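File shown: my_file-v5.cif (mmCIF, C-alpha atoms and all ligand atoms; chains and numbers go by the auth columns).
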```
data_structure
loop_
_atom_site.group_PDB
_atom_site.id
_atom_site.type_symbol
_atom_site.label_atom_id
_atom_site.label_comp_id
_atom_site.label_asym_id
_atom_site.label_seq_id
_atom_site.Cartn_x
_atom_site.Cartn_y
_atom_site.Cartn_z
_atom_site.B_iso_or_equiv
_atom_site.auth_seq_id
_atom_site.auth_asym_id
ATOM 1 C CA MET A 1 14.191 12.309 -1.366 0.00 1 A
ATOM 2 C CA ARG A 2 12.919 8.873 -2.338 0.00 2 A
ATOM 3 C CA HIS A 3 11.586 8.221 -5.816 0.00 3 A
ATOM 4 C CA ILE A 4 9.696 5.749 -7.946 0.00 4 A
ATOM 5 C CA VAL A 5 10.783 4.494 -11.352 0.00 5 A
ATOM 6 C CA GLU A 6 8.620 4.306 -14.460 0.00 6 A
ATOM 7 C CA ARG A 7 8.723 0.857 -16.013 0.00 7 A
ATOM 8 C CA GLY A 8 10.210 0.803 -19.472 0.00 8 A
ATOM 9 C CA THR A 9 11.681 4.312 -19.506 0.00 9 A
ATOM 10 C CA LYS A 10 13.478 4.254 -16.111 0.00 10 A
ATOM 11 C CA ARG A 11 12.245 7.828 -15.673 0.00 11 A
ATOM 12 C CA THR A 12 12.157 8.683 -11.968 0.00 12 A
ATOM 13 C CA MET A 13 9.568 10.653 -10.030 0.00 13 A
ATOM 14 C CA SER A 14 10.061 12.016 -6.521 0.00 14 A
ATOM 15 C CA VAL A 15 7.586 10.595 -4.036 0.00 15 A
ATOM 16 C CA GLY A 16 5.591 13.124 -2.052 0.00 16 A
ATOM 17 C CA LYS A 17 3.209 11.971 0.630 0.00 17 A
ATOM 18 C CA ILE A 18 2.002 8.393 0.856 0.00 18 A
ATOM 19 C CA VAL A 19 -1.678 8.282 1.788 0.00 19 A
ATOM 20 C CA ALA A 20 -2.735 4.796 2.868 0.00 20 A
ATOM 21 C CA ILE A 21 -6.186 3.315 3.359 0.00 21 A
ATOM 22 C CA GLY A 22 -6.824 0.825 6.162 0.00 22 A
ATOM 23 C CA ALA A 23 -9.626 -1.727 6.138 0.00 23 A
ATOM 24 C CA ASN A 24 -10.674 -1.490 2.476 0.00 24 A
ATOM 25 C CA TYR A 25 -11.302 -5.201 1.753 0.00 25 A
ATOM 26 C CA THR A 26 -14.111 -6.978 3.600 0.00 26 A
ATOM 27 C CA ASP A 27 -12.194 -10.277 3.861 0.00 27 A
ATOM 28 C CA HIS A 28 -9.245 -8.506 5.558 0.00 28 A
ATOM 29 C CA ILE A 29 -11.590 -6.658 7.943 0.00 29 A
ATOM 30 C CA GLU A 30 -13.029 -10.023 9.016 0.00 30 A
ATOM 31 C CA GLU A 31 -9.612 -11.599 9.603 0.00 31 A
ATOM 32 C CA MET A 32 -8.589 -8.624 11.776 0.00 32 A
ATOM 33 C CA GLY A 33 -11.799 -8.908 13.809 0.00 33 A
ATOM 34 C CA LEU A 34 -12.870 -5.389 12.818 0.00 34 A
ATOM 35 C CA LYS A 35 -16.224 -3.981 11.732 0.00 35 A
ATOM 36 C CA VAL A 36 -16.776 -2.579 8.226 0.00 36 A
ATOM 37 C CA PRO A 37 -16.311 1.155 8.779 0.00 37 A
ATOM 38 C CA ASP A 38 -18.734 3.786 7.449 0.00 38 A
ATOM 39 C CA LYS A 39 -15.841 5.667 5.846 0.00 39 A
ATOM 40 C CA PRO A 40 -12.267 4.780 4.920 0.00 40 A
ATOM 41 C CA MET A 41 -9.588 4.855 7.593 0.00 41 A
ATOM 42 C CA ILE A 42 -6.762 7.074 6.284 0.00 42 A
ATOM 43 C CA PHE A 43 -3.169 7.331 7.513 0.00 43 A
ATOM 44 C CA LEU A 44 0.142 8.646 6.168 0.00 44 A
ATOM 45 C CA LYS A 45 3.470 6.929 5.621 0.00 45 A
ATOM 46 C CA PRO A 46 6.609 9.055 5.099 0.00 46 A
ATOM 47 C CA SER A 47 8.323 8.971 1.691 0.00 47 A
ATOM 48 C CA SER A 48 11.495 7.836 3.501 0.00 48 A
ATOM 49 C CA SER A 49 9.811 4.411 3.851 0.00 49 A
ATOM 50 C CA ILE A 50 10.066 3.721 0.079 0.00 50 A
ATOM 51 C CA LEU A 51 12.238 0.763 -1.018 0.00 51 A
ATOM 52 C CA HIS A 52 12.821 -0.665 -4.490 0.00 52 A
ATOM 53 C CA SER A 53 12.809 -4.190 -5.816 0.00 53 A
ATOM 54 C CA GLY A 54 16.269 -5.624 -5.323 0.00 54 A
ATOM 55 C CA GLU A 55 16.811 -3.733 -2.076 0.00 55 A
ATOM 56 C CA PRO A 56 16.366 -5.927 1.024 0.00 56 A
ATOM 57 C CA ILE A 57 13.736 -4.940 3.572 0.00 57 A
ATOM 58 C CA PRO A 58 15.699 -4.295 6.775 0.00 58 A
ATOM 59 C CA TYR A 59 13.978 -5.916 9.751 0.00 59 A
ATOM 60 C CA PRO A 60 13.198 -2.911 12.000 0.00 60 A
ATOM 61 C CA LYS A 61 14.933 -2.764 15.370 0.00 61 A
ATOM 62 C CA THR A 62 11.839 -1.130 16.864 0.00 62 A
ATOM 63 C CA GLY A 63 9.440 -4.080 16.821 0.00 63 A
ATOM 64 C CA ASP A 64 9.158 -7.872 16.868 0.00 64 A
ATOM 65 C CA VAL A 65 6.200 -8.824 14.646 0.00 65 A
ATOM 66 C CA LEU A 66 6.675 -7.733 11.027 0.00 66 A
ATOM 67 C CA HIS A 67 3.711 -8.261 8.672 0.00 67 A
ATOM 68 C CA TYR A 68 3.334 -7.852 4.913 0.00 68 A
ATOM 69 C CA GLU A 69 0.281 -6.299 3.221 0.00 69 A
ATOM 70 C CA ALA A 70 0.181 -6.373 -0.606 0.00 70 A
ATOM 71 C CA GLU A 71 -1.603 -3.335 -2.044 0.00 71 A
ATOM 72 C CA LEU A 72 -2.414 -1.610 -5.303 0.00 72 A
ATOM 73 C CA GLY A 73 -0.636 1.763 -5.265 0.00 73 A
ATOM 74 C CA LEU A 74 -1.851 4.679 -7.365 0.00 74 A
ATOM 75 C CA VAL A 75 0.504 7.469 -8.411 0.00 75 A
ATOM 76 C CA VAL A 76 -0.991 10.957 -8.559 0.00 76 A
ATOM 77 C CA GLY A 77 -0.110 12.761 -11.790 0.00 77 A
ATOM 78 C CA GLU A 78 -1.470 16.267 -11.199 0.00 78 A
ATOM 79 C CA VAL A 79 -2.437 18.727 -8.498 0.00 79 A
ATOM 80 C CA ALA A 80 -5.877 17.665 -7.300 0.00 80 A
ATOM 81 C CA LYS A 81 -8.212 19.013 -4.613 0.00 81 A
ATOM 82 C CA ASP A 82 -11.880 18.114 -4.116 0.00 82 A
ATOM 83 C CA VAL A 83 -11.848 15.731 -7.073 0.00 83 A
ATOM 84 C CA THR A 84 -15.305 15.213 -8.591 0.00 84 A
ATOM 85 C CA PRO A 85 -16.781 11.788 -9.418 0.00 85 A
ATOM 86 C CA GLU A 86 -16.439 12.639 -13.124 0.00 86 A
ATOM 87 C CA LYS A 87 -12.724 13.363 -12.748 0.00 87 A
ATOM 88 C CA GLY A 88 -12.072 10.418 -10.400 0.00 88 A
ATOM 89 C CA LEU A 89 -9.499 8.136 -11.977 0.00 89 A
ATOM 90 C CA GLY A 90 -8.194 10.932 -14.203 0.00 90 A
ATOM 91 C CA ILE A 91 -5.836 12.209 -11.512 0.00 91 A
ATOM 92 C CA PHE A 92 -3.723 9.023 -11.558 0.00 92 A
ATOM 93 C CA SER A 93 -0.776 8.670 -13.946 0.00 93 A
ATOM 94 C CA HIS A 94 0.607 5.261 -12.943 0.00 94 A
ATOM 95 C CA TYR A 95 -0.078 2.234 -10.780 0.00 95 A
ATOM 96 C CA LEU A 96 2.314 -0.022 -8.917 0.00 96 A
ATOM 97 C CA LEU A 97 2.478 -2.837 -6.396 0.00 97 A
ATOM 98 C CA ALA A 98 3.268 -1.651 -2.884 0.00 98 A
ATOM 99 C CA LEU A 99 3.801 -3.482 0.377 0.00 99 A
ATOM 100 C CA ASP A 100 2.348 -1.732 3.425 0.00 100 A
ATOM 101 C CA MET A 101 4.849 -3.308 5.836 0.00 101 A
ATOM 102 C CA THR A 102 3.540 -3.148 9.383 0.00 102 A
ATOM 103 C CA LEU A 103 4.959 -3.814 12.839 0.00 103 A
ATOM 104 C CA ARG A 104 1.855 -5.514 14.234 0.00 104 A
ATOM 105 C CA ASP A 105 3.105 -5.410 17.843 0.00 105 A
ATOM 106 C CA LEU A 106 3.624 -1.632 17.688 0.00 106 A
ATOM 107 C CA GLN A 107 0.241 -1.284 15.975 0.00 107 A
ATOM 108 C CA GLU A 108 -1.426 -3.212 18.801 0.00 108 A
ATOM 109 C CA GLU A 109 0.266 -0.921 21.339 0.00 109 A
ATOM 110 C CA ALA A 110 -0.876 2.129 19.345 0.00 110 A
ATOM 111 C CA ARG A 111 -4.474 0.855 19.363 0.00 111 A
ATOM 112 C CA GLU A 112 -4.387 0.322 23.121 0.00 112 A
ATOM 113 C CA ARG A 113 -2.934 3.765 23.809 0.00 113 A
ATOM 114 C CA GLY A 114 -4.959 5.609 21.168 0.00 114 A
ATOM 115 C CA TRP A 115 -1.731 6.625 19.433 0.00 115 A
ATOM 116 C CA PRO A 116 -1.237 7.199 15.685 0.00 116 A
ATOM 117 C CA TRP A 117 0.264 4.586 13.373 0.00 117 A
ATOM 118 C CA SER A 118 3.325 6.629 12.387 0.00 118 A
ATOM 119 C CA THR A 119 5.906 4.275 13.861 0.00 119 A
ATOM 120 C CA CYS A 120 4.209 0.920 13.177 0.00 120 A
ATOM 121 C CA LYS A 121 3.765 1.716 9.479 0.00 121 A
ATOM 122 C CA GLY A 122 6.292 4.469 8.780 0.00 122 A
ATOM 123 C CA PHE A 123 9.714 2.971 9.563 0.00 123 A
ATOM 124 C CA ASP A 124 12.497 2.840 6.952 0.00 124 A
ATOM 125 C CA GLY A 125 11.594 0.121 4.453 0.00 125 A
ATOM 126 C CA ALA A 126 7.889 0.126 5.363 0.00 126 A
ATOM 127 C CA CYS A 127 6.869 0.859 1.754 0.00 127 A
ATOM 128 C CA PRO A 128 8.602 -1.419 -0.780 0.00 128 A
ATOM 129 C CA VAL A 129 7.329 -0.691 -4.291 0.00 129 A
ATOM 130 C CA SER A 130 7.529 -2.099 -7.802 0.00 130 A
ATOM 131 C CA GLN A 131 8.268 0.054 -10.802 0.00 131 A
ATOM 132 C CA ALA A 132 5.349 2.247 -11.842 0.00 132 A
ATOM 133 C CA VAL A 133 3.269 1.231 -14.858 0.00 133 A
ATOM 134 C CA PRO A 134 1.765 4.091 -16.907 0.00 134 A
ATOM 135 C CA LEU A 135 -1.999 3.990 -16.535 0.00 135 A
ATOM 136 C CA GLY A 136 -3.513 3.693 -19.990 0.00 136 A
ATOM 137 C CA ASP A 137 -7.124 2.573 -19.757 0.00 137 A
ATOM 138 C CA PRO A 138 -7.989 3.108 -16.068 0.00 138 A
ATOM 139 C CA SER A 139 -10.731 0.472 -16.205 0.00 139 A
ATOM 140 C CA VAL A 140 -7.957 -2.142 -15.664 0.00 140 A
ATOM 141 C CA LEU A 141 -7.897 -1.049 -12.009 0.00 141 A
ATOM 142 C CA ALA A 142 -11.436 -2.303 -11.381 0.00 142 A
ATOM 143 C CA ASP A 143 -10.631 -6.020 -11.339 0.00 143 A
ATOM 144 C CA MET A 144 -6.886 -6.510 -11.107 0.00 144 A
ATOM 145 C CA PRO A 145 -5.553 -9.728 -9.559 0.00 145 A
ATOM 146 C CA ILE A 146 -3.338 -9.063 -6.513 0.00 146 A
ATOM 147 C CA ARG A 147 -1.239 -11.782 -4.947 0.00 147 A
ATOM 148 C CA LEU A 148 1.610 -12.349 -2.506 0.00 148 A
ATOM 149 C CA SER A 149 3.717 -15.390 -1.641 0.00 149 A
ATOM 150 C CA VAL A 150 6.217 -15.976 1.145 0.00 150 A
ATOM 151 C CA ASN A 151 9.002 -18.444 0.327 0.00 151 A
ATOM 152 C CA GLY A 152 6.909 -19.693 -2.585 0.00 152 A
ATOM 153 C CA GLU A 153 3.737 -20.277 -0.546 0.00 153 A
ATOM 154 C CA VAL A 154 0.682 -18.264 -1.617 0.00 154 A
ATOM 155 C CA ARG A 155 -0.626 -16.083 1.220 0.00 155 A
ATOM 156 C CA GLN A 156 -2.716 -13.417 -0.507 0.00 156 A
ATOM 157 C CA ASP A 157 -4.714 -14.063 -3.680 0.00 157 A
ATOM 158 C CA SER A 158 -7.526 -11.626 -4.426 0.00 158 A
ATOM 159 C CA THR A 159 -8.590 -8.924 -6.836 0.00 159 A
ATOM 160 C CA THR A 160 -9.074 -5.178 -6.573 0.00 160 A
ATOM 161 C CA PHE A 161 -12.735 -5.895 -7.362 0.00 161 A
ATOM 162 C CA ASN A 162 -13.088 -6.750 -3.644 0.00 162 A
ATOM 163 C CA MET A 163 -12.309 -3.211 -2.468 0.00 163 A
ATOM 164 C CA ILE A 164 -15.038 -1.407 -0.535 0.00 164 A
ATOM 165 C CA TRP A 165 -13.962 2.032 -1.827 0.00 165 A
ATOM 166 C CA GLY A 166 -12.499 1.785 -5.322 0.00 166 A
ATOM 167 C CA PRO A 167 -9.796 4.024 -6.835 0.00 167 A
ATOM 168 C CA ALA A 168 -12.170 6.694 -8.197 0.00 168 A
ATOM 169 C CA ARG A 169 -14.016 7.043 -4.895 0.00 169 A
ATOM 170 C CA LEU A 170 -10.700 7.158 -3.008 0.00 170 A
ATOM 171 C CA ALA A 171 -9.545 10.014 -5.274 0.00 171 A
ATOM 172 C CA GLU A 172 -12.627 11.961 -4.193 0.00 172 A
ATOM 173 C CA ILE A 173 -12.363 11.150 -0.502 0.00 173 A
ATOM 174 C CA VAL A 174 -8.599 11.584 -0.072 0.00 174 A
ATOM 175 C CA SER A 175 -8.566 14.868 -2.038 0.00 175 A
ATOM 176 C CA SER A 176 -11.323 16.226 0.182 0.00 176 A
ATOM 177 C CA HIS A 177 -8.797 16.044 3.039 0.00 177 A
ATOM 178 C CA PHE A 178 -5.470 16.794 1.321 0.00 178 A
ATOM 179 C CA THR A 179 -4.359 18.607 -1.801 0.00 179 A
ATOM 180 C CA LEU A 180 -2.813 15.828 -3.872 0.00 180 A
ATOM 181 C CA GLU A 181 0.335 16.609 -5.835 0.00 181 A
ATOM 182 C CA PRO A 182 2.294 14.867 -8.603 0.00 182 A
ATOM 183 C CA GLY A 183 4.297 12.006 -7.104 0.00 183 A
ATOM 184 C CA ASP A 184 1.934 11.439 -4.188 0.00 184 A
ATOM 185 C CA LEU A 185 1.002 7.811 -3.724 0.00 185 A
ATOM 186 C CA ILE A 186 -2.294 6.305 -2.555 0.00 186 A
ATOM 187 C CA LEU A 187 -2.114 2.784 -1.110 0.00 187 A
ATOM 188 C CA THR A 188 -5.560 1.248 -1.453 0.00 188 A
ATOM 189 C CA GLY A 189 -5.591 -1.357 1.321 0.00 189 A
ATOM 190 C CA THR A 190 -4.872 -5.065 1.479 0.00 190 A
ATOM 191 C CA PRO A 191 -6.997 -8.193 1.016 0.00 191 A
ATOM 192 C CA ALA A 192 -7.129 -11.137 3.434 0.00 192 A
ATOM 193 C CA GLY A 193 -4.104 -13.273 4.165 0.00 193 A
ATOM 194 C CA VAL A 194 -1.790 -10.864 5.978 0.00 194 A
ATOM 195 C CA GLY A 195 0.834 -12.527 8.112 0.00 195 A
ATOM 196 C CA GLU A 196 4.261 -12.463 9.646 0.00 196 A
ATOM 197 C CA VAL A 197 7.646 -12.640 7.961 0.00 197 A
ATOM 198 C CA GLU A 198 11.017 -13.458 9.491 0.00 198 A
ATOM 199 C CA ARG A 199 14.567 -12.557 8.576 0.00 199 A
ATOM 200 C CA ARG A 200 15.727 -14.290 5.365 0.00 200 A
ATOM 201 C CA ASP A 201 12.150 -14.838 4.139 0.00 201 A
ATOM 202 C CA THR A 202 11.481 -13.971 0.503 0.00 202 A
ATOM 203 C CA ILE A 203 8.322 -12.081 -0.421 0.00 203 A
ATOM 204 C CA GLU A 204 7.090 -12.234 -4.000 0.00 204 A
ATOM 205 C CA ALA A 205 4.094 -10.104 -4.913 0.00 205 A
ATOM 206 C CA GLY A 206 2.348 -9.104 -8.081 0.00 206 A
ATOM 207 C CA LEU A 207 -0.475 -7.269 -9.755 0.00 207 A
ATOM 208 C CA GLY A 208 -2.168 -8.575 -12.885 0.00 208 A
ATOM 209 C CA ASP A 209 -0.226 -10.810 -15.228 0.00 209 A
ATOM 210 C CA GLU A 210 2.848 -8.713 -15.751 0.00 210 A
ATOM 211 C CA LEU A 211 3.894 -6.941 -12.575 0.00 211 A
ATOM 212 C CA SER A 212 5.923 -8.988 -10.123 0.00 212 A
ATOM 213 C CA VAL A 213 8.456 -7.998 -7.481 0.00 213 A
ATOM 214 C CA THR A 214 10.647 -9.859 -5.015 0.00 214 A
ATOM 215 C CA PHE A 215 11.967 -8.630 -1.677 0.00 215 A
ATOM 216 C CA GLU A 216 14.101 -10.330 0.938 0.00 216 A
ATOM 217 C CA ILE A 217 13.820 -9.605 4.646 0.00 217 A
ATOM 218 C CA ALA A 218 17.311 -8.793 5.947 0.00 218 A
HETATM 219 MG MG MG B . -2.424 -1.644 4.554 0.00 301 A
#
```
Is it possible to give me this structure as structure tokens?
Ligand code: MG
Amino acid sequence: MRHIVERGTKRTMSVGKIVAIGANYTDHIEEMGLKVPDKPMIFLKPSSSILHSGEPIPYPKTGDVLHYEAELGLVVGEVAKDVTPEKGLGIFSHYLLALDMTLRDLQEEARERGWPWSTCKGFDGACPVSQAVPLGDPSVLADMPIRLSVNGEVRQDSTTFNMIWGPARLAEIVSSHFTLEPGDLILTGTPAGVGEVERRDTIEAGLGDELSVTFEIA
């Protein structure tokens, strides 16, 4: 069972399901040549894909084009089903920085064949995460800088303000499909600037002023 670690206390929490949102930033939708959807695209990543800062990201043997996607991750703190707009953000206990690592060549094949994204986004190491920061005032989520560099070169530099469906709305929508449980993780999508990484590249990514993580591709 993979886990996440609370920053400061080192308390660990088992990770349940990882619910990820595709196409949630308009600038990323444009760069992928997609149309803005009328509802969020939702997929699942297995908890076995979790990796921690300091662990290298193993280059998967199953594909040839590995991409990074920096994302705000929200940790569910309670059982939640059919969350109301009033409750919204109240179901989240922590936030973290997550990378939605993606084998773009397998994803392209999946699109062509009408297959799910399980293998292109669910392989071991496909969800590197930072430590989890306790969510005090949830309004910080509304406009949080999100950035990613590869080998020191800035590739993604945006803010969660640019999301189409924000965290509270995602709580409503995702919980209309699945019962959310403590330790579940919602990945909220990535801004523009996604791209490829090679073996021995170093990814540095961060949220806000204080949260920064580094991963090497092995
Ligand atoms: Mg993503």
- Query: Care to translate the PyMOL selection byres (((not hetatm)) within 8 of (chain A and resi 301)) into actual residues of this file, as a list in words?
  - Reply: Ala20, Ile21, Gly22, Ala23, Glu69, Ala70, Glu71, Leu99, Asp100, Met101, Thr102, Leu187, Thr188, Gly189 and Thr190 of chain A
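Nearest residue to His3 of chain A, choosing from A:Val75, A:Met144, A:Leu106, A:Ile173 and counting only C-alpha atoms: A:Val75.
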- Message: I need the output of the PyMOL selection byres (((chain A and resi 178) around 12) and not hetatm) for this file as a list in words; which residues are they?
- Response: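 Applied to this file, the PyMOL selection byres (((chain A and resi 178) around 12) and not hetatm) selects Lys17, Ile18, Val19, Ile42, Phe43, Leu44, Val79, Ala80, Lys81, Asp82, Val83, Leu170, Ala171, Glu172, Ile173, Val174, Ser175, Ser176, His177, Thr179, Leu180, Glu181, Asp184 and Ile186 of chain A.
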- Message: My list of candidates is A:Cys120, A:Ile217, A:Met41, A:Ile146. Which is closest to Val197 of chain A when distances are computed with only C-alpha atoms?
- Response: A:Ile217
- Item | Nearest candidate to His94 of chain A (options A:Gly206, A:Gly195, A:Gly77, A:Gly63; using all atoms listed in the file) |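 Counting all atoms listed in the file, the residue closest to His94 of chain A is A:Gly77.
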Edge lengths and centre, in Å to one decimal, as AutoDock Vina command-line options: that's what I need for the box along x, y and z that holds all listed atoms of segment 200-203 of chain A plus 4 Å on each side.
```
--center_x 12.0 --center_y -13.5 --center_z 2.5 --size_x 15.4 --size_y 10.8 --size_z 13.8
```
Enumerate, in order of chain and increasing residue number, the residues of segment 64-149 of chain A with an atom no farther than 10 Å from segment 160-168 of chain A, each with its shortest atom pair and distance in Å to one decimal, counting only C-alpha atoms, as a Markdown table.
```
| residue | atom | partner | partner_atom | distance |
| --- | --- | --- | --- | --- |
| A:Glu71 | CA | A:Thr160 | CA | 8.9 |
| A:Leu72 | CA | A:Thr160 | CA | 7.7 |
| A:Gly73 | CA | A:Pro167 | CA | 9.6 |
| A:Leu74 | CA | A:Pro167 | CA | 8.0 |
| A:Val83 | CA | A:Ala168 | CA | 9.1 |
| A:Thr84 | CA | A:Ala168 | CA | 9.1 |
| A:Pro85 | CA | A:Ala168 | CA | 7.0 |
| A:Glu86 | CA | A:Ala168 | CA | 8.8 |
| A:Lys87 | CA | A:Ala168 | CA | 8.1 |
| A:Gly88 | CA | A:Ala168 | CA | 4.3 |
| A:Leu89 | CA | A:Ala168 | CA | 4.8 |
| A:Gly90 | CA | A:Ala168 | CA | 8.4 |
| A:Ile91 | CA | A:Ala168 | CA | 9.0 |
| A:Phe92 | CA | A:Pro167 | CA | 9.2 |
| A:Pro138 | CA | A:Pro167 | CA | 9.5 |
| A:Val140 | CA | A:Thr160 | CA | 9.6 |
| A:Leu141 | CA | A:Thr160 | CA | 6.9 |
| A:Ala142 | CA | A:Phe161 | CA | 5.5 |
| A:Asp143 | CA | A:Phe161 | CA | 4.5 |
| A:Met144 | CA | A:Thr160 | CA | 5.2 |
| A:Pro145 | CA | A:Thr160 | CA | 6.5 |
| A:Ile146 | CA | A:Thr160 | CA | 6.9 |
```
- Task: Rounded to one decimal place, report the atom CA of Pro46 of chain A-atom CA of Phe215 of chain A distance in Å.
- Result: 19.7 Å
- Task: Between atom CA of His67 of chain A and atom CA of Glu198 of chain A, measure the distance and give it in Å to one decimal.
- Result: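 Those two atoms sit 9.0 Å apart.
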- Query: What's the 12 Å shell around Gln131 of chain A, counting all atoms listed in the file, without same-chain residues fewer than 4 positions away, as a ChimeraX atom specification?
  - Reply: /A:3-13,50-54,73-75,94-98,206-207,210-214
